[in-house]
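**Student:** What follows is input-v7.csv; its format and atoms are CSV, C-alpha atoms and all ligand atoms.
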```csv
chain,number,residue,atom,x,y,z
A,1,MET,CA,62.0,47.1,5.0
A,2,PRO,CA,59.2,46.9,7.6
A,3,GLU,CA,58.9,49.7,10.3
A,4,VAL,CA,61.1,48.8,13.3
A,5,THR,CA,58.9,48.0,16.2
A,6,PHE,CA,59.6,48.9,19.8
A,7,ASP,CA,60.2,45.3,20.7
A,8,GLN,CA,62.5,44.7,17.8
A,9,LEU,CA,64.5,47.8,18.7
A,10,LEU,CA,65.0,46.5,22.3
A,11,ALA,CA,65.8,43.0,21.1
A,12,ASP,CA,68.6,44.5,18.9
A,13,ASP,CA,69.9,46.6,21.8
A,14,GLY,CA,68.9,49.7,19.7
A,15,ARG,CA,68.0,53.1,21.2
A,16,VAL,CA,64.5,54.6,21.5
A,17,GLU,CA,64.3,58.2,20.5
A,18,PRO,CA,61.8,60.9,21.7
A,19,ARG,CA,59.3,60.8,18.9
A,20,ASP,CA,59.3,57.0,18.4
A,21,GLU,CA,56.3,55.0,19.4
A,22,MET,CA,56.7,53.4,22.8
A,23,PRO,CA,54.4,51.7,25.3
A,24,ASP,CA,52.7,54.1,27.7
A,25,ALA,CA,54.1,52.2,30.7
A,26,TYR,CA,57.7,52.5,29.3
A,27,ARG,CA,57.2,56.3,28.9
A,28,ARG,CA,55.7,56.6,32.4
A,29,THR,CA,58.4,54.6,34.1
A,30,LEU,CA,61.1,56.7,32.4
A,31,ILE,CA,59.5,59.9,33.3
A,32,ARG,CA,59.2,58.9,37.0
A,33,GLN,CA,62.8,57.6,37.1
A,34,ILE,CA,64.4,60.5,35.2
A,35,ALA,CA,62.5,63.1,37.2
A,36,GLN,CA,63.4,61.4,40.5
A,37,HIS,CA,67.0,61.3,39.4
A,38,ALA,CA,66.9,65.0,38.4
A,39,HIS,CA,65.3,65.9,41.8
A,40,SER,CA,68.1,63.9,43.6
A,41,GLU,CA,70.7,66.0,41.8
A,42,ILE,CA,69.3,69.3,42.9
A,43,ILE,CA,68.3,68.3,46.4
A,44,GLY,CA,71.8,66.8,46.7
A,45,MET,CA,73.2,70.3,46.5
A,46,GLN,CA,72.0,71.0,50.0
A,47,PRO,CA,74.0,68.7,52.3
A,48,GLU,CA,77.2,69.9,50.7
A,49,GLY,CA,76.1,73.5,50.2
A,50,ASN,CA,75.9,73.6,53.9
A,51,TRP,CA,79.7,73.6,54.2
A,52,ILE,CA,80.7,76.0,51.4
A,53,SER,CA,80.9,79.0,53.7
A,54,ARG,CA,82.9,76.9,56.2
A,55,ALA,CA,85.3,75.0,53.9
A,56,PRO,CA,88.7,74.8,55.6
A,57,SER,CA,90.7,76.6,52.8
A,58,LEU,CA,90.1,78.6,49.7
A,59,ARG,CA,91.2,75.6,47.6
A,60,ARG,CA,88.6,73.3,49.2
A,61,LYS,CA,86.0,76.0,48.9
A,62,ALA,CA,86.6,76.5,45.2
A,63,ILE,CA,86.4,72.7,44.6
A,64,LEU,CA,83.2,72.3,46.6
A,65,MET,CA,81.5,75.1,44.8
A,66,ALA,CA,82.5,73.5,41.4
A,67,LYS,CA,81.1,70.2,42.6
A,68,VAL,CA,77.8,71.6,43.8
A,69,GLN,CA,77.5,73.6,40.6
A,70,ASP,CA,78.0,70.3,38.7
A,71,GLU,CA,75.1,68.8,40.6
A,72,ALA,CA,72.9,71.7,39.5
A,73,GLY,CA,74.0,71.0,35.9
A,74,HIS,CA,73.2,67.3,36.3
A,75,GLY,CA,69.7,68.2,37.4
A,76,LEU,CA,69.4,70.4,34.3
A,77,TYR,CA,70.6,67.7,31.9
A,78,LEU,CA,68.1,65.3,33.4
A,79,TYR,CA,65.1,67.6,33.4
A,80,ALA,CA,65.9,68.3,29.8
A,81,ALA,CA,65.9,64.5,29.1
A,82,ALA,CA,62.6,64.1,30.9
A,83,GLU,CA,61.0,66.8,28.8
A,84,THR,CA,61.7,64.9,25.6
A,85,LEU,CA,59.1,62.5,26.9
A,86,GLY,CA,56.4,65.2,26.8
A,87,VAL,CA,56.4,66.6,30.3
A,88,ASP,CA,57.1,70.1,31.6
A,89,ARG,CA,60.0,70.9,33.9
A,90,ALA,CA,57.8,73.3,35.8
A,91,ASP,CA,55.3,70.5,36.3
A,92,LEU,CA,58.0,68.1,37.5
A,93,LEU,CA,59.3,70.7,40.0
A,94,ASP,CA,55.8,71.2,41.2
A,95,GLN,CA,55.5,67.4,41.8
A,96,LEU,CA,58.7,67.5,43.8
A,97,HIS,CA,57.6,70.5,45.9
A,98,THR,CA,54.2,68.9,46.7
A,99,GLY,CA,55.8,65.5,47.6
A,100,ARG,CA,54.2,63.6,44.8
A,101,GLN,CA,57.7,62.7,43.4
A,102,LYS,CA,60.7,61.5,45.4
A,103,TYR,CA,64.4,62.1,45.5
A,104,SER,CA,67.2,59.8,46.7
A,105,SER,CA,66.9,59.1,50.4
A,106,ILE,CA,70.6,59.6,51.0
A,107,PHE,CA,70.1,63.4,50.9
A,108,ASN,CA,67.9,63.2,54.0
A,109,TYR,CA,71.0,62.6,56.2
A,110,PRO,CA,72.7,65.7,57.8
A,111,THR,CA,76.3,66.9,57.2
A,112,LEU,CA,77.5,67.3,60.8
A,113,SER,CA,81.2,67.9,60.2
A,114,TRP,CA,83.5,68.9,57.3
A,115,ALA,CA,84.5,65.2,57.0
A,116,ASP,CA,80.9,64.5,55.9
A,117,VAL,CA,81.7,66.4,52.7
A,118,GLY,CA,84.5,63.9,52.1
A,119,ALA,CA,82.3,60.9,53.0
A,120,ILE,CA,79.7,62.1,50.6
A,121,GLY,CA,82.1,62.6,47.7
A,122,TRP,CA,83.8,59.2,48.3
A,123,LEU,CA,80.8,57.0,49.2
A,124,VAL,CA,77.6,58.8,47.9
A,125,ASP,CA,79.1,59.9,44.6
A,126,GLY,CA,80.9,56.6,44.5
A,127,ALA,CA,77.7,54.7,44.8
A,128,ALA,CA,76.0,57.0,42.3
A,129,ILE,CA,78.7,56.3,39.8
A,130,VAL,CA,78.2,52.5,40.1
A,131,ASN,CA,74.4,53.1,39.6
A,132,GLN,CA,74.9,55.5,36.7
A,133,VAL,CA,77.6,53.9,34.5
A,134,PRO,CA,75.2,51.2,33.3
A,135,LEU,CA,72.6,53.9,32.6
A,136,CYS,CA,74.9,55.3,29.9
A,137,ARG,CA,73.6,52.2,27.9
A,138,CYS,CA,70.0,52.8,28.8
A,139,SER,CA,67.6,52.1,26.0
A,140,TYR,CA,66.2,55.6,26.0
A,141,GLY,CA,68.6,57.8,24.0
A,142,PRO,CA,68.3,61.2,25.7
A,143,TYR,CA,68.6,59.6,29.2
A,144,ALA,CA,71.7,57.6,28.1
A,145,ARG,CA,73.3,60.7,26.6
A,146,ALA,CA,72.7,62.8,29.7
A,147,MET,CA,74.2,60.0,31.8
A,148,VAL,CA,77.4,60.0,29.7
A,149,ARG,CA,77.9,63.7,30.5
A,150,VAL,CA,77.1,63.1,34.2
A,151,CYS,CA,79.5,60.2,34.5
A,152,LYS,CA,82.3,62.2,33.0
A,153,GLU,CA,81.9,64.8,35.7
A,154,GLU,CA,81.3,62.4,38.6
A,155,SER,CA,84.8,61.0,38.9
A,156,PHE,CA,86.2,64.3,40.0
A,157,HIS,CA,83.5,64.3,42.7
A,158,GLN,CA,84.6,61.0,44.1
A,159,ARG,CA,88.2,61.9,44.0
A,160,GLN,CA,87.9,65.2,45.8
A,161,GLY,CA,85.9,63.4,48.5
A,162,PHE,CA,88.6,60.7,48.8
A,163,GLU,CA,91.2,63.4,49.0
A,164,ILE,CA,89.4,65.2,51.9
A,165,LEU,CA,89.1,61.9,53.9
A,166,HIS,CA,92.7,60.9,53.1
A,167,THR,CA,94.0,64.3,54.4
A,168,LEU,CA,91.9,64.1,57.6
A,169,ALA,CA,92.7,60.4,58.2
A,170,HIS,CA,96.4,61.2,58.0
A,171,GLY,CA,96.1,64.3,60.2
A,172,SER,CA,95.8,64.7,63.9
A,173,PRO,CA,94.0,62.1,66.0
A,174,ALA,CA,91.0,64.4,66.2
A,175,GLN,CA,90.9,64.8,62.5
A,176,HIS,CA,91.2,61.0,62.0
A,177,ALA,CA,88.4,60.5,64.4
A,178,MET,CA,86.2,63.0,62.5
A,179,ALA,CA,86.9,61.2,59.2
A,180,GLN,CA,86.1,57.8,60.9
A,181,ASP,CA,82.8,59.2,62.4
A,182,ALA,CA,81.7,60.5,58.9
A,183,VAL,CA,82.4,57.1,57.3
A,184,ASP,CA,80.6,55.3,60.1
A,185,ARG,CA,77.5,57.4,59.6
A,186,TYR,CA,77.5,57.3,55.7
A,187,TRP,CA,78.4,53.7,55.0
A,188,TRP,CA,75.1,52.0,55.5
A,189,PRO,CA,72.9,54.7,54.0
A,190,SER,CA,75.3,54.5,50.9
A,191,LEU,CA,74.5,50.8,50.6
A,192,MET,CA,70.8,51.6,50.7
A,193,MET,CA,71.3,53.8,47.6
A,194,PHE,CA,71.1,50.7,45.5
A,195,GLY,CA,67.5,50.2,46.5
A,196,PRO,CA,65.7,47.2,48.1
A,197,PRO,CA,67.1,43.7,47.8
A,198,ASP,CA,66.3,41.9,44.5
A,199,ASP,CA,63.6,39.6,46.0
A,200,ASP,CA,61.8,42.7,47.2
A,201,SER,CA,62.1,44.9,44.0
A,202,PRO,CA,58.9,44.4,42.1
A,203,ASN,CA,59.6,46.6,39.1
A,204,SER,CA,63.2,45.6,38.5
A,205,ALA,CA,62.4,42.7,36.1
A,206,ARG,CA,60.3,45.0,33.8
A,207,SER,CA,63.0,47.7,33.8
A,208,MET,CA,65.6,45.1,32.9
A,209,ALA,CA,63.4,43.8,30.1
A,210,TRP,CA,63.0,47.3,28.8
A,211,GLY,CA,66.8,47.9,28.9
A,212,ILE,CA,66.4,50.8,31.4
A,213,LYS,CA,68.1,48.8,34.1
A,214,ARG,CA,71.1,46.6,33.2
A,215,PHE,CA,72.1,45.0,36.5
A,216,SER,CA,70.1,44.1,39.6
A,217,ASN,CA,70.2,46.2,42.8
A,218,ASP,CA,72.1,43.5,44.7
A,219,GLU,CA,74.7,43.1,41.9
A,220,LEU,CA,75.4,46.8,41.9
A,221,ARG,CA,75.6,46.9,45.7
A,222,GLN,CA,78.1,44.1,45.6
A,223,ARG,CA,80.1,45.8,43.0
A,224,PHE,CA,80.3,49.0,45.1
A,225,VAL,CA,81.4,47.0,48.2
A,226,ASP,CA,84.1,45.2,46.3
A,227,MET,CA,85.4,48.6,44.9
A,228,THR,CA,85.2,50.4,48.2
A,229,VAL,CA,86.8,48.1,50.8
A,230,PRO,CA,90.3,48.3,49.4
A,231,GLN,CA,90.0,52.1,49.2
A,232,ALA,CA,89.0,52.2,52.8
A,233,GLU,CA,92.3,50.4,53.6
A,234,VAL,CA,94.3,53.0,51.8
A,235,LEU,CA,92.5,55.7,53.7
A,236,GLY,CA,93.3,53.9,57.0
A,237,LEU,CA,89.7,54.0,58.0
A,238,THR,CA,87.4,51.1,58.9
A,239,LEU,CA,83.9,50.3,57.6
A,240,PRO,CA,81.3,49.8,60.4
A,241,ASP,CA,80.4,46.2,59.5
A,242,PRO,CA,81.8,43.4,61.7
A,243,GLU,CA,80.7,40.8,59.1
A,244,LEU,CA,82.7,42.4,56.3
A,245,ARG,CA,85.3,39.9,55.1
A,246,TRP,CA,86.8,38.6,51.8
A,247,ASP,CA,84.9,35.5,50.6
A,248,GLU,CA,87.5,33.5,48.8
A,249,GLU,CA,84.9,31.1,47.3
A,250,ARG,CA,82.7,33.8,45.7
A,251,GLY,CA,85.5,36.1,44.9
A,252,HIS,CA,83.6,39.0,46.5
A,253,TYR,CA,83.5,40.7,49.9
A,254,ALA,CA,80.8,39.3,52.2
A,255,PHE,CA,79.0,42.0,54.1
A,256,GLY,CA,76.3,42.3,56.8
A,257,THR,CA,72.5,42.7,56.4
A,258,VAL,CA,71.4,46.2,55.3
A,259,ASP,CA,68.6,47.5,57.5
A,260,PHE,CA,66.0,48.2,54.8
A,261,SER,CA,63.4,49.2,57.4
A,262,GLU,CA,65.5,52.4,57.9
A,263,LEU,CA,65.3,53.0,54.1
A,264,GLN,CA,61.5,52.6,54.2
A,265,GLU,CA,61.3,55.0,57.1
A,266,VAL,CA,63.4,57.7,55.3
A,267,ILE,CA,61.4,57.2,52.1
A,268,ALA,CA,58.2,57.6,54.1
A,269,GLY,CA,59.4,61.0,55.1
A,270,ASN,CA,60.9,60.3,58.5
A,271,GLY,CA,64.6,60.7,57.9
A,272,PRO,CA,66.6,63.2,59.9
A,273,CYS,CA,66.3,66.0,57.3
A,274,ASN,CA,63.3,65.3,55.0
A,275,ARG,CA,61.4,68.4,56.2
A,276,ASP,CA,64.4,70.7,56.1
A,277,ARG,CA,65.3,69.7,52.6
A,278,MET,CA,61.9,70.3,51.2
A,279,ALA,CA,61.4,73.5,53.1
A,280,HIS,CA,64.7,74.8,51.8
A,281,ARG,CA,63.9,73.7,48.2
A,282,VAL,CA,60.5,75.3,48.1
A,283,GLY,CA,61.9,78.4,49.8
A,284,ALA,CA,64.6,78.8,47.2
A,285,HIS,CA,62.1,78.4,44.4
A,286,GLU,CA,59.8,81.0,45.9
A,287,ASP,CA,62.6,83.4,46.7
A,288,GLY,CA,63.8,83.1,43.1
A,289,ALA,CA,60.4,84.0,41.6
A,290,TRP,CA,61.3,87.7,41.2
A,291,VAL,CA,64.4,86.8,39.2
A,292,ARG,CA,62.3,84.7,36.8
A,293,ASP,CA,59.7,87.4,36.6
A,294,ALA,CA,62.2,90.1,35.9
A,295,ALA,CA,63.9,88.0,33.1
A,296,THR,CA,60.5,87.3,31.6
A,297,ALA,CA,59.5,91.0,31.7
A,298,TYR,CA,62.8,92.0,30.2
A,299,ALA,CA,62.5,89.5,27.3
A,300,LEU,CA,58.9,90.6,26.6
A,301,LYS,CA,60.0,94.3,26.6
A,302,GLN,CA,62.9,93.6,24.3
A,303,ALA,CA,60.7,91.6,21.9
A,304,ALA,CA,58.1,94.4,21.8
A,305,ARG,CA,60.9,96.9,21.1
A,306,THR,CA,62.3,94.9,18.2
A,307,GLU,CA,58.8,94.4,16.8
A,308,GLY,CA,58.1,98.2,17.1
A,309,ALA,CA,61.3,99.0,15.3
A,310,ALA,CA,60.7,96.6,12.4
B,311,MET,CA,54.9,83.1,29.5
B,312,THR,CA,54.2,80.4,32.2
B,313,GLN,CA,57.4,78.6,31.3
B,314,TRP,CA,60.4,80.0,29.4
B,315,PRO,CA,60.7,78.7,25.9
B,316,LEU,CA,62.9,75.7,25.2
B,317,TRP,CA,66.2,76.1,23.3
B,318,GLU,CA,68.4,73.4,21.7
B,319,VAL,CA,72.1,73.8,22.3
B,320,PHE,CA,74.9,73.0,19.8
B,321,VAL,CA,78.5,73.1,20.7
B,322,ARG,CA,81.6,73.2,18.5
B,323,SER,CA,84.2,71.4,20.6
B,324,ARG,CA,87.1,72.7,18.6
B,325,ARG,CA,87.9,74.6,15.4
B,326,GLY,CA,87.6,72.3,12.4
B,327,LEU,CA,84.6,70.4,13.8
B,328,SER,CA,81.0,71.2,13.3
B,329,HIS,CA,78.5,72.1,16.0
B,330,VAL,CA,76.9,69.1,17.6
B,331,HIS,CA,73.7,68.9,19.5
B,332,VAL,CA,74.3,68.5,23.3
B,333,GLY,CA,70.9,69.1,24.9
B,334,SER,CA,68.4,71.7,25.6
B,335,LEU,CA,67.5,74.3,28.2
B,336,HIS,CA,64.8,76.9,29.1
B,337,ALA,CA,65.6,80.7,28.8
B,338,PRO,CA,63.5,83.8,28.4
B,339,ASP,CA,65.5,85.1,25.4
B,340,ALA,CA,68.4,84.3,23.1
B,341,GLU,CA,71.0,86.2,25.2
B,342,LEU,CA,70.2,84.3,28.4
B,343,ALA,CA,69.9,81.1,26.5
B,344,LEU,CA,73.5,81.5,25.4
B,345,ARG,CA,74.8,82.4,28.9
B,346,ASN,CA,72.9,79.5,30.4
B,347,ALA,CA,74.2,77.1,27.7
B,348,ARG,CA,77.7,78.2,28.5
B,349,ASP,CA,77.2,77.5,32.2
B,350,VAL,CA,75.3,74.2,31.7
B,351,TYR,CA,77.2,72.6,28.8
B,352,THR,CA,80.7,74.1,28.7
B,353,ARG,CA,81.9,74.1,32.3
B,354,ARG,CA,85.1,72.1,31.3
B,355,GLN,CA,86.2,73.8,28.1
B,356,GLU,CA,84.0,71.6,26.0
B,357,GLY,CA,83.5,74.2,23.4
B,358,VAL,CA,84.9,77.1,21.4
B,359,SER,CA,81.5,78.2,19.9
B,360,LEU,CA,77.9,77.8,20.9
B,361,TRP,CA,74.6,77.9,19.0
B,362,VAL,CA,71.2,78.1,20.6
B,363,VAL,CA,68.1,77.6,18.5
B,364,PRO,CA,64.5,77.9,19.7
B,365,SER,CA,63.2,74.3,19.7
B,366,ALA,CA,59.9,75.4,18.2
B,367,GLU,CA,61.8,76.5,15.1
B,368,ILE,CA,63.2,73.1,14.3
B,369,VAL,CA,61.4,71.3,11.5
B,370,ALA,CA,61.9,67.5,11.8
B,371,SER,CA,61.1,64.5,9.6
B,372,ASP,CA,58.3,62.3,11.0
B,373,PRO,CA,59.6,59.1,12.6
B,374,GLY,CA,56.4,57.4,11.6
B,375,GLU,CA,57.1,58.2,7.9
B,376,ARG,CA,60.8,57.1,8.2
B,377,GLU,CA,60.4,54.2,5.9
B,378,ALA,CA,58.7,56.0,3.0
B,379,PHE,CA,60.8,59.1,3.5
B,380,PHE,CA,64.2,57.5,3.3
B,381,ASP,CA,63.1,54.8,0.8
B,382,PRO,CA,64.5,56.5,-2.3
B,383,ALA,CA,68.0,55.7,-1.2
B,384,ASP,CA,67.3,52.0,-0.5
B,385,ASP,CA,67.7,50.6,-4.1
B,386,LYS,CA,70.7,52.7,-5.2
B,387,VAL,CA,73.6,50.6,-4.1
B,388,TYR,CA,75.5,51.9,-7.1
B,389,ARG,CA,76.1,55.1,-5.2
B,390,HIS,CA,78.6,53.2,-3.1
B,391,PRO,CA,82.1,52.5,-4.4
B,392,THR,CA,81.8,48.9,-3.1
B,393,PHE,CA,79.2,48.3,-5.9
B,394,TYR,CA,81.9,48.2,-8.5
B,395,SER,CA,84.3,45.3,-9.2
B,396,VAL,CA,87.8,46.3,-9.9
B,397,PRO,CA,90.1,44.1,-11.9
B,398,ASP,CA,93.1,42.6,-10.0
B,399,GLY,CA,96.2,44.8,-10.0
B,400,VAL,CA,94.5,48.1,-10.4
B,401,GLU,CA,95.6,50.6,-7.8
B,402,HIS,CA,94.6,54.0,-6.6
B,403,LEU,CA,91.1,53.6,-7.9
C,1,FE,FE,75.5,64.3,40.2
C,2,FE,FE,78.2,64.1,42.0
```
Show me this structure written as structure tokens.

**Tutor:**
Amino acid sequence: MPEVTFDQLLADDGRVEPRDEMPDAYRRTLIRQIAQHAHSEIIGMQPEGNWISRAPSLRRKAILMAKVQDEAGHGLYLYAAAETLGVDRADLLDQLHTGRQKYSSIFNYPTLSWADVGAIGWLVDGAAIVNQVPLCRCSYGPYARAMVRVCKEESFHQRQGFEILHTLAHGSPAQHAMAQDAVDRYWWPSLMMFGPPDDDSPNSARSMAWGIKRFSNDELRQRFVDMTVPQAEVLGLTLPDPELRWDEERGHYAFGTVDFSELQEVIAGNGPCNRDRMAHRVGAHEDGAWVRDAATAYALKQAARTEGAA
Amino acid sequence: MTQWPLWEVFVRSRRGLSHVHVGSLHAPDAELALRNARDVYTRRQEGVSLWVVPSAEIVASDPGEREAFFDPADDKVYRHPTFYSVPDGVEHL
């Protein structure tokens, strides 16, 4: 039996494992994508973390803490998956902190009201799920396995967001208005989470050929819209798109044009919260240095003591 | 120590099943590796027992040598019950 080559493996829909031979470009693409994904998970803790101390009830607070803690966990699964490709987590964090690697633009929008926590859970986690479910079948084994764990945890995230909005939308007129305002602000940025349109997505074809990507950006965006519109009706909230309507012929919802120049601006660093998010992340890392140092010192001391006793 | 060592995490999901590899994490020592593994990999009662093993301690077969290494099993089909023909009517064999 001849050694299975990378190309054969992909052709048979097999999985690539860490120590297999793989093209350099495949490895680099994966490192960049998994690192960016990991960074998004941990930066994503900030907009919601902003409301933990002001959650409207103990129940909501406990749920939100569990959700934000999950996002930290997702970051860890993904950094671990990236490390199987021969990079260091410390190095990836350094690249985030110095702006050489990106995170999802959606987290550069502010959370102005409690309803935004609902909108993030429902729309942002909802869009993330649509993006992530196909990644469970990604050709790189450790990434796919990490995504299976992530996806299992995400559905609670989306439901708790939906529940927050449902409660507000069926509350007082002021609460309803707050929920509507949050959805109005988060709808279009959520659609941008699927990336540029297919005809302007130069690396998509290669990622598809490599089995990293399974569906195009526009396909996933459409899937998200089709899922979400009926849910908005149950919420009793509208989506801020006058062109949104059911297209009988296509069997899909038709929707307006996404303003991708806004996405480009946010990616370029000019979103409402880019600087805040980075400053907060770097600050947290630096403020935590003494904890890491203490744990290291303790481990070294314990190791020396055991050695001395032996 | 510039970066804490890497540990591989194994979880026994319930009694009667073996520990299964679930991922890895960094920790300065075994005790913290266990605590971190609990927080990272068993937030939803996924396990009743945890192992953490320093990644550097794992000895693995070489994927490049896979063919030669596993080759001894290739031509021994008689190790499988399906190799044998059983006359009609014989049961419980
Ligand atoms: Fe997540
Ligand atoms: Fe999430």

**Student:** Grab me every residue within 7 Å of ligand FE 1 (chain C), counting only C-alpha atoms and all ligand atoms, and send it over as an mmCIF file with C-alpha atoms, in the frame of the given file.

**Tutor:**
```
data_model
loop_
_atom_site.group_PDB
_atom_site.id
_atom_site.type_symbol
_atom_site.label_atom_id
_atom_site.label_comp_id
_atom_site.auth_asym_id
_atom_site.auth_seq_id
_atom_site.Cartn_x
_atom_site.Cartn_y
_atom_site.Cartn_z
ATOM 1 C CA GLU A 41 70.700 66.000 41.800
ATOM 2 C CA ASP A 70 78.000 70.300 38.700
ATOM 3 C CA GLU A 71 75.100 68.800 40.600
ATOM 4 C CA HIS A 74 73.200 67.300 36.300
ATOM 5 C CA VAL A 150 77.100 63.100 34.200
ATOM 6 C CA GLU A 154 81.300 62.400 38.600
#
```

**Student:** Could you report the residues within 10 Å of ligand FE 2 (chain C), using all atoms listed in the file, as a ChimeraX atom specification?

**Tutor:** /A:41,44-45,67-72,74,120-122,124-129,150-151,153-158

**Student:** Using only C-alpha atoms and a distance of at most 9 Å, pull out the residues of chain A that contact chain B, as JSON, numbers by chain.

**Tutor:** {"A": [1, 2, 3, 19, 20, 21, 70, 72, 73, 74, 76, 77, 79, 80, 81, 88, 89, 90, 142, 145, 146, 292, 295, 296, 297, 298, 299, 300, 302, 303]}

**Student:** Just how far from atom CA of Ala144 of chain A is atom CA of Arg281 of chain A, in Å to one decimal?

**Tutor:**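 Atom CA of Ala144 of chain A lies 26.9 Å from atom CA of Arg281 of chain A.
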
**Student:** Fewer than 3 positions away in the same chain doesn't count, so skip those; otherwise give me all residues within 7 Å of segment 203-215 of chain A, counting all atoms listed in the file, as a list of chain:residue names.

**Tutor:**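 Neighbouring residues, sequence-local ones excluded: A:Leu10, A:Pro134, A:Leu135, A:Cys138, A:Ser139, A:Glu219, A:Leu220.
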
**Student:** Would you compute the distance between atom CA of Trp317 of chain B and atom CA of Ser40 of chain A? Give it in Å to one decimal.

**Tutor:**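 We find that atom CA of Trp317 of chain B and atom CA of Ser40 of chain A lie 23.8 Å from each other.
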
**Student:** Quick one: pull the distance between atom CA of Glu48 of chain A and atom CA of Gly283 of chain A, Å, one decimal.

**Tutor:**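 Result for atom CA of Glu48 of chain A versus atom CA of Gly283 of chain A: 17.5 Å, one decimal.
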
**Student:** Excluding segment 227-231 of chain A and its own-chain neighbours fewer than 5 positions away, which residues fall within 12 Å of it when counting all atoms listed in the file? Please give them as a PDB file with C-alpha atoms, in the coordinates of the input.

**Tutor:**
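File out-v8.pdb, as written:
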```pdb
ATOM      1  CA  ALA A 119      82.300  60.900  53.000  1.00  0.00           C
ATOM      2  CA  TRP A 122      83.800  59.200  48.300  1.00  0.00           C
ATOM      3  CA  LEU A 123      80.800  57.000  49.200  1.00  0.00           C
ATOM      4  CA  VAL A 124      77.600  58.800  47.900  1.00  0.00           C
ATOM      5  CA  ASP A 125      79.100  59.900  44.600  1.00  0.00           C
ATOM      6  CA  GLY A 126      80.900  56.600  44.500  1.00  0.00           C
ATOM      7  CA  ALA A 127      77.700  54.700  44.800  1.00  0.00           C
ATOM      8  CA  ILE A 129      78.700  56.300  39.800  1.00  0.00           C
ATOM      9  CA  VAL A 130      78.200  52.500  40.100  1.00  0.00           C
ATOM     10  CA  GLN A 158      84.600  61.000  44.100  1.00  0.00           C
ATOM     11  CA  ARG A 159      88.200  61.900  44.000  1.00  0.00           C
ATOM     12  CA  PHE A 162      88.600  60.700  48.800  1.00  0.00           C
ATOM     13  CA  GLU A 163      91.200  63.400  49.000  1.00  0.00           C
ATOM     14  CA  LEU A 165      89.100  61.900  53.900  1.00  0.00           C
ATOM     15  CA  HIS A 166      92.700  60.900  53.100  1.00  0.00           C
ATOM     16  CA  VAL A 183      82.400  57.100  57.300  1.00  0.00           C
ATOM     17  CA  TRP A 187      78.400  53.700  55.000  1.00  0.00           C
ATOM     18  CA  SER A 190      75.300  54.500  50.900  1.00  0.00           C
ATOM     19  CA  LEU A 191      74.500  50.800  50.600  1.00  0.00           C
ATOM     20  CA  LEU A 220      75.400  46.800  41.900  1.00  0.00           C
ATOM     21  CA  ARG A 221      75.600  46.900  45.700  1.00  0.00           C
ATOM     22  CA  GLN A 222      78.100  44.100  45.600  1.00  0.00           C
ATOM     23  CA  GLY A 236      93.300  53.900  57.000  1.00  0.00           C
ATOM     24  CA  LEU A 237      89.700  54.000  58.000  1.00  0.00           C
ATOM     25  CA  THR A 238      87.400  51.100  58.900  1.00  0.00           C
ATOM     26  CA  LEU A 239      83.900  50.300  57.600  1.00  0.00           C
ATOM     27  CA  PRO A 240      81.300  49.800  60.400  1.00  0.00           C
ATOM     28  CA  ASP A 241      80.400  46.200  59.500  1.00  0.00           C
ATOM     29  CA  LEU A 244      82.700  42.400  56.300  1.00  0.00           C
ATOM     30  CA  ARG A 245      85.300  39.900  55.100  1.00  0.00           C
ATOM     31  CA  TRP A 246      86.800  38.600  51.800  1.00  0.00           C
ATOM     32  CA  HIS A 252      83.600  39.000  46.500  1.00  0.00           C
ATOM     33  CA  TYR A 253      83.500  40.700  49.900  1.00  0.00           C
ATOM     34  CA  ALA A 254      80.800  39.300  52.200  1.00  0.00           C
ATOM     35  CA  PHE A 255      79.000  42.000  54.100  1.00  0.00           C
TER      36      PHE A 255
END
```

**Student:** Can you list, as a PyMOL selection string, every protein, DNA or RNA residue that comes within 10 Å of Thr167 of chain A when you count all atoms listed in the file, leaving out same-chain residues fewer than 4 positions away?

**Tutor:** chain A and resi 115+118+162-163+171-172+175-176+179+235
